[in-house]
Amino acid sequence: MRDWSLTPGDPLCLVLAADSRFSACDYLDDQSWELEFGGAEPAALALHTTYGLRAKAMRIFYRFCEGNKTVSDPAAFVQPPVVRRFYPNFLVVEYAPLPTIDVTAEYWVPQSNAAAGRITLVNRSNKDRTIALELCAVLSAIEGQGMAAAQIQMVNVLAGRSRGLFPILFMTGGPTHGARPQPSLLLNLELSPGATRQFSWAHAATDDAQTSFALARQAAARPWDAERVRIELTNASQTIDVSTPEPDWNAAFALSQSAAFRLLFPPNDHLPNPSIVSSRGPDSGCSFKGDGSDYPAAWSGQTPFDAYYLQEALPASPAALSLLKNFIAVQKEDGAIDGKPGFAGQRGRYLAAPLLASLAWKLYTSSGDEDFLKQAFPALQKFFWAWFSPKRDKDRDGVPQWKHILQTGFEENPLFDSWHPWSLGVDISQVHSPELEALLYNEAECLMRMAEALGKRDMLTLLREQAAKLRASIEAAWQERASLYHYRERETGSNLEGKTLATVSGSGVTAVKLNLEGQFRLQIEVRTQSPKAKRPRIRLYQWASKAADETIESGDYQWSGEGATYTTQKIYSKLAKISVRGLDDEDTAIIRTLDYAMEDHTLFMPLWAGAPDAARAQRIVERALLDESRFDRPFGVPACPSLKQPAAEIVAQAVHLMWNLFICEGLLRYGFRKEAARLFERNMSAVIQNLKMNRAFYAGYHAERGAGIGERNVLSGLAPTGLFLKILGVEILSSTRVRLTGENPFPWDVTLRFKRLTVIRGRARTEVIFANGASTTVENGVSAVVEA
């Protein structure tokens with residue numbers, strides 16, 4: 001176990017929550033905490049929560065008094081706080097609040113509705129010292145009252161009430177109630193030279209004061225040292241310790257793995273294996289309805305993208321396998337798997353993204369678990385073919401389309417999103433997506449590898465045929481001029497830039513007489529001046545003297561930022577007239593061809609899937625990925641750099657680490673290891689910047705400035721330790737097996753530790769040292785599996 005020395009200026013993420021590996025976390029009432037360094041009133045090193053927004057704030061902190069000097073603000077400490085150990089539910093901080101008085105403060109969240117602490121004071125001077133130690137609690141309540149002095153069963157405690165919760169703070173040592181402005185429990189300590197005193201406290205918040213008191217006393221009485229040892233040993237056995245000459249990187253990898261474990265919840269009646277919430281913090285974890293149905297998206301289920309990224313965030317843990325098993329457990333008879341099954345029985349009600357066989361194959365190549373592969377293969381194959389049912393592949397050409405933007409993993413894609421005024425709101429079901437086709441192509445490839453590994457060669461022919469169809473469709477999306485794949489219209493294959501054909505104001509019939517020089521699907525956008533959006537009836541005619549080719553009724557539209565949009569179901573080669581009914585004179589209807597010129601990060605997915613040949617892959621990397629005017633930015637590949645509107649900057653310039661991970665894996669597949677390292681280094685710069693400035697990971701990072709974007713401490717914003725190892729050319733298969741490939745592309749040596757295994761990846765050679773002391777040295781550039 002490593003002892004850290006992280007100060008307030010170093011990378012930090014100090015959220016604490018119950019760890020599902022040690023306790024039964026309560027999905028419906030989960031209270032997370034965060035250690036803050038000052039910043040509130042009074043300034044203090046405080047453990048903070050809102051009980052999932054059931055209070056404005058609850059802060060627990062120490063105050064030290066000697067003579068006339070009182071201190072709680074860490075900025076006024078003689079020696080500032082230093083974080084020594086951190087785990088998902090446990091934290092150790094050392095500091096000296098007063099001259100020659102050293103303090104070790106431990107914080108622990110043993111279960112969802114309790115938090116505990118232990119403080120050790122040491123007198124390093126050669127004099128007797130009299131120290132007043134106060135444990136303070138400040139509650140800004142909602143529909144209740146703040147913390148106040150109370151007695152329960154003749155024990156001095158602090159008690160409060162906020163929105164149905166009854167927080168109780170208990171302390172060992174027989175404290176009295178403090179008399180200072182903030183409610184506190186007070187201990188007057190006499191410390192002789194070299195003396196050590198230790199006390200513990202516990203806080204609990206349930207819907208009954210007596211229950212809270214009993215829970216707090218129970219938490220304070222638990223065997224602290226034994227619990228700490230168990231926490232440390234478990235974490236050491238499931239995390240990879242990374243040591244580079246860059247201490248910020250080392251901290252970021254450790255903090256990321258800790259944060260990922262914190263997202264795990266135990267199985268329940270709805271999900272038979274552990275699963276995750278995608279973020280967890282002081283403001284989350286309360287279901288006011290009591291059944292989880294009111295939770296936000298981050299707490300409403302797992303997605304295939306979550307599972308895939310979790311494997312890279314926790315490369316030494318079986319957590320991703322648990323999520324994969326959950327997907328298989330909710331599979332229907334027709335092979336369909338829901339895209340977002342949750343702990344409260346939630347369902348996304350759309351087909352899961354085809355990423356599960358890819359994840360399963362990745363897990364198998366690491367574990368070699370053939371029993372798992374045998375069990376999973378039938379379900380994964382059935383799921384793959386579910387994508388080609390008539391529901392998802394209406395024209396039966398063997399190339400399906402997305403049905404919902406939530407399936408894609410890029411919910412703010414401006415081509416399909418309809419909520420922002422700068423987005424286009426195109427019907428996603430009418431578009432060939434290079435992302436979807438690449439995902440399906442890779443699924444087919446992984447299923448073929450599984451079939452060969454299991455000796456099921458009779459299944460290869462159909463899979464090969466389907467893979468060939470998918471690859472042909474992917475290649476049809478190639479834009480030579482852009483050196484990148486683009487979206488295409490489902491029926492015509494058009495991938496041209498959109499063009500406005502007509503703008504109609506108010507109701508009436510407008511003759512337009514347009515020949516479109518090809519066949520196109522059209523989009524209608526209704527813009528209204530009134531707050532209540534209009535959805536007029538519109539008829540489109542290719543021939544003025546014939547019946548309407550298509551009628552758009554009021555219920556056919558999709559809401560957009562400035563009104564409503566509709567993508568035509570039919571293809572048009574000409575447009576003779578437009579009939580509009582139900583539109584005010586000051587409102588307009590805009591008719592345009594669909595715009596497929598917009599570029600985003602999902603268009604690199606064919607590279608990840610291995611679809612292009614080597615020459616085309618080279619062009620993608622050199623002319624698109626490394627083009628500074630497009631995707632090559634200081635902090636990584638942005639989501640949609642072609643979107644230039646200032647209002648769209650947060651979406652357009654957001655670097656999503658998950659999509660950058662896919663790109664890096666694609667680069668590695670084609671041998672661009674240095675380019676993958678370069679992109680990864682840029683991503684890490686953004687992550688570290690925010691861990692230092694904001695003490696948090698973020699859902700996205702600004703491509704030019706590195707600033708955090710979106711929700712804090714989200715799974716997809718964690719530094720992917722597994723990807724780093726891949727780029728480094730090291731895959732730790734177990735404590736006795738290591739796979740080495742390629743060169744070390746980073747400018748320094750890296751030492752990896754897992755259990756009692758040590759891997760020293762130098763610039764020229766790699767040394768693998770096993771638990772028994774045996775070591776093997778391999779020259780870099782040689783692919784090998786080293787075993788004990």
# chains A, B, ... in the order shown; residues from 1 in each chain; ligands from 1
>>> residues_around(residues="Gly38 of chain A", least_positions_apart="6", cutoff="8 Å", atoms="only C-alpha atoms", output="list in words")
Ala44, Leu45, Ala46, Asp73, Pro74 and Ala75 of chain A
>>> residues_around(residues="Asp26 of chain A", least_positions_apart="4", cutoff="9 Å", atoms="only C-alpha atoms", output="count of residues only")
9
>>> residues_around(residues="Glu437 of chain A", least_positions_apart="3", cutoff="7 Å", atoms="only C-alpha atoms", output="list in words")
Ser433, Pro434, Leu440, Tyr441, Leu470 and Ile474 of chain A
>>> write_last_selection(atoms="C-alpha atoms", output="compact mmCIF listing (two decimals), in the first residue's frame")
# COMPACT_ATOMS: atom_id res chain seq x y z
CA SER A 433 -24.30 5.65 -39.15
CA PRO A 434 -20.62 4.70 -39.50
CA LEU A 440 -21.78 -4.31 -35.61
CA TYR A 441 -18.80 -5.16 -37.79
CA LEU A 470 -21.38 -4.21 -42.96
CA ILE A 474 -18.91 1.36 -44.03
>>> atom_distance(atom1="atom CA of Pro272 of chain A", atom2="atom CA of Lys325 of chain A")
8.2 Å
>>> select_by_dssp(residues="segment 341-556 of chain A", states="strand (DSSP E)", output="JSON, numbers by chain")
{"A": [431, 432, 478, 479, 484, 485, 488, 489, 500, 501, 502, 503, 504, 505, 508, 509, 510, 511, 512, 513, 514, 515, 516, 517, 518, 519, 520, 521, 522, 523, 524, 525, 526, 527, 537, 538, 539, 540, 541, 550, 551, 552]}
>>> atom_distance(atom1="atom CA of His270 of chain A", atom2="atom CA of Leu323 of chain A")
12.6 Å
>>> residues_around(residues="Leu139 of chain A", least_positions_apart="4", cutoff="10 Å", atoms="only C-alpha atoms", output="PyMOL selection string")
chain A and resi 48-50+55-60+144-148+159-162+167+182-183
>>> residues_around(residues="Asn660 of chain A", least_positions_apart="5", cutoff="9 Å", atoms="only C-alpha atoms", output="PDB file with C-alpha atoms, in the first residue's frame")
ATOM      1  CA  HIS A 601     -15.863  11.936 -32.996  1.00  0.00           C
ATOM      2  CA  GLY A 636      -7.873  15.795 -27.089  1.00  0.00           C
ATOM      3  CA  VAL A 637     -10.320  15.079 -29.879  1.00  0.00           C
ATOM      4  CA  PRO A 638     -13.428  17.299 -29.561  1.00  0.00           C
ATOM      5  CA  VAL A 655     -13.538  16.075 -25.238  1.00  0.00           C
ATOM      6  CA  GLU A 665      -7.627   1.686 -29.511  1.00  0.00           C
ATOM      7  CA  LEU A 679      -3.555  11.765 -27.656  1.00  0.00           C
ATOM      8  CA  PHE A 680      -3.589  10.066 -24.261  1.00  0.00           C
ATOM      9  CA  ASN A 683      -6.394  13.757 -22.282  1.00  0.00           C
TER      10      ASN A 683
END
>>> select_by_dssp(residues="segment 293-341 of chain A", states="helix (DSSP H, G or I)", output="PyMOL selection string")
chain A and resi 297-299+304-313+319-329
>>> closest_residue(among="A:Thr7, A:Ser554, A:Thr777, A:Ser418", to="Arg85 of chain A", atoms="only C-alpha atoms")
A:Thr7
>>> closest_residue(among="A:Tyr27, A:Ala544, A:Ala214, A:Leu516", to="Gly342 of chain A", atoms="only C-alpha atoms")
A:Tyr27
>>> atom_distance(atom1="atom CA of Thr736 of chain A", atom2="atom CA of Ala788 of chain A")
5.2 Å
>>> residues_around(residues="Glu445 of chain A", least_positions_apart="6", cutoff="12 Å", atoms="only C-alpha atoms", output="PyMOL selection string")
chain A and resi 355+357-358+361+381+384+438-439+451-452+460-468+470-471+609-611
>>> closest_residue(among="A:Ala251, A:Ala307, A:Leu133, A:Met658", to="Lys692 of chain A", atoms="only C-alpha atoms")
A:Ala251
>>> residues_around(residues="Glu628 of chain A", least_positions_apart="5", cutoff="12 Å", atoms="only C-alpha atoms", output="number ranges by chain")
A: 621-623, 633-638, 641-642, 703-704
>>> closest_residue(among="A:Val431, A:Leu607, A:Ala313, A:Ala784", to="Glu475 of chain A", atoms="only C-alpha atoms")
A:Leu607
>>> closest_residue(among="A:Arg616, A:Arg678, A:Arg63, A:Lys574", to="Leu187 of chain A", atoms="only C-alpha atoms")
A:Arg63
>>> closest_residue(among="A:Thr593, A:Val78, A:Ala179, A:Asp29", to="Ala96 of chain A", atoms="only C-alpha atoms")
A:Val78
>>> decode(residues="segment 75-102 of chain A", atoms="N, CA and C atoms", output="compact mmCIF listing (two decimals), in the first residue's frame")
# COMPACT_ATOMS: atom_id res chain seq x y z
N ALA A 75 -5.96 26.61 6.15
CA ALA A 75 -4.98 27.59 5.70
C ALA A 75 -4.18 28.16 6.87
N ALA A 76 -4.72 28.04 8.07
CA ALA A 76 -4.03 28.57 9.25
C ALA A 76 -3.29 27.48 10.02
N PHE A 77 -3.32 26.25 9.57
CA PHE A 77 -2.60 25.19 10.25
C PHE A 77 -1.09 25.42 10.16
N VAL A 78 -0.38 24.96 11.17
CA VAL A 78 1.09 25.06 11.17
C VAL A 78 1.65 24.22 10.01
N GLN A 79 1.12 23.03 9.84
CA GLN A 79 1.45 22.20 8.68
C GLN A 79 0.16 21.85 7.97
N PRO A 80 0.05 22.15 6.67
CA PRO A 80 -1.21 21.98 5.96
C PRO A 80 -1.57 20.51 5.81
N PRO A 81 -2.81 20.22 5.51
CA PRO A 81 -3.25 18.83 5.37
C PRO A 81 -2.52 18.12 4.22
N VAL A 82 -2.18 16.88 4.48
CA VAL A 82 -1.57 16.01 3.46
C VAL A 82 -2.37 14.72 3.42
N VAL A 83 -2.86 14.36 2.25
CA VAL A 83 -3.62 13.11 2.10
C VAL A 83 -2.64 11.96 1.98
N ARG A 84 -2.74 10.98 2.88
CA ARG A 84 -1.81 9.85 2.91
C ARG A 84 -2.40 8.59 2.27
N ARG A 85 -3.66 8.34 2.50
CA ARG A 85 -4.31 7.15 1.93
C ARG A 85 -5.70 7.57 1.45
N PHE A 86 -6.14 6.98 0.34
CA PHE A 86 -7.51 7.23 -0.10
C PHE A 86 -8.05 5.98 -0.77
N TYR A 87 -9.27 5.68 -0.41
CA TYR A 87 -10.00 4.55 -0.97
C TYR A 87 -11.44 5.01 -1.23
N PRO A 88 -12.26 4.22 -1.86
CA PRO A 88 -13.62 4.68 -2.15
C PRO A 88 -14.41 5.11 -0.92
N ASN A 89 -14.14 4.47 0.22
CA ASN A 89 -14.91 4.75 1.43
C ASN A 89 -14.05 5.16 2.62
N PHE A 90 -12.76 5.40 2.39
CA PHE A 90 -11.84 5.62 3.51
C PHE A 90 -10.77 6.62 3.10
N LEU A 91 -10.39 7.46 4.06
CA LEU A 91 -9.44 8.54 3.77
C LEU A 91 -8.59 8.80 5.00
N VAL A 92 -7.30 9.04 4.79
CA VAL A 92 -6.39 9.37 5.88
C VAL A 92 -5.69 10.69 5.54
N VAL A 93 -5.79 11.64 6.46
CA VAL A 93 -5.20 12.96 6.26
C VAL A 93 -4.35 13.30 7.48
N GLU A 94 -3.18 13.86 7.25
CA GLU A 94 -2.30 14.28 8.35
C GLU A 94 -2.06 15.78 8.26
N TYR A 95 -1.94 16.41 9.44
CA TYR A 95 -1.65 17.84 9.49
C TYR A 95 -1.25 18.21 10.92
N ALA A 96 -0.81 19.45 11.08
CA ALA A 96 -0.48 19.97 12.41
C ALA A 96 -1.25 21.27 12.59
N PRO A 97 -2.35 21.25 13.34
CA PRO A 97 -3.13 22.48 13.50
C PRO A 97 -2.46 23.50 14.41
N LEU A 98 -1.64 23.00 15.34
CA LEU A 98 -0.95 23.83 16.32
C LEU A 98 0.53 23.43 16.34
N PRO A 99 1.40 24.27 16.82
CA PRO A 99 2.83 23.92 16.86
C PRO A 99 3.06 22.62 17.64
N THR A 100 3.77 21.70 17.01
CA THR A 100 4.19 20.41 17.58
C THR A 100 3.01 19.54 18.04
N ILE A 101 1.85 19.80 17.53
CA ILE A 101 0.70 18.92 17.75
C ILE A 101 0.35 18.30 16.39
N ASP A 102 0.68 17.02 16.24
CA ASP A 102 0.41 16.33 14.98
C ASP A 102 -0.93 15.60 15.05
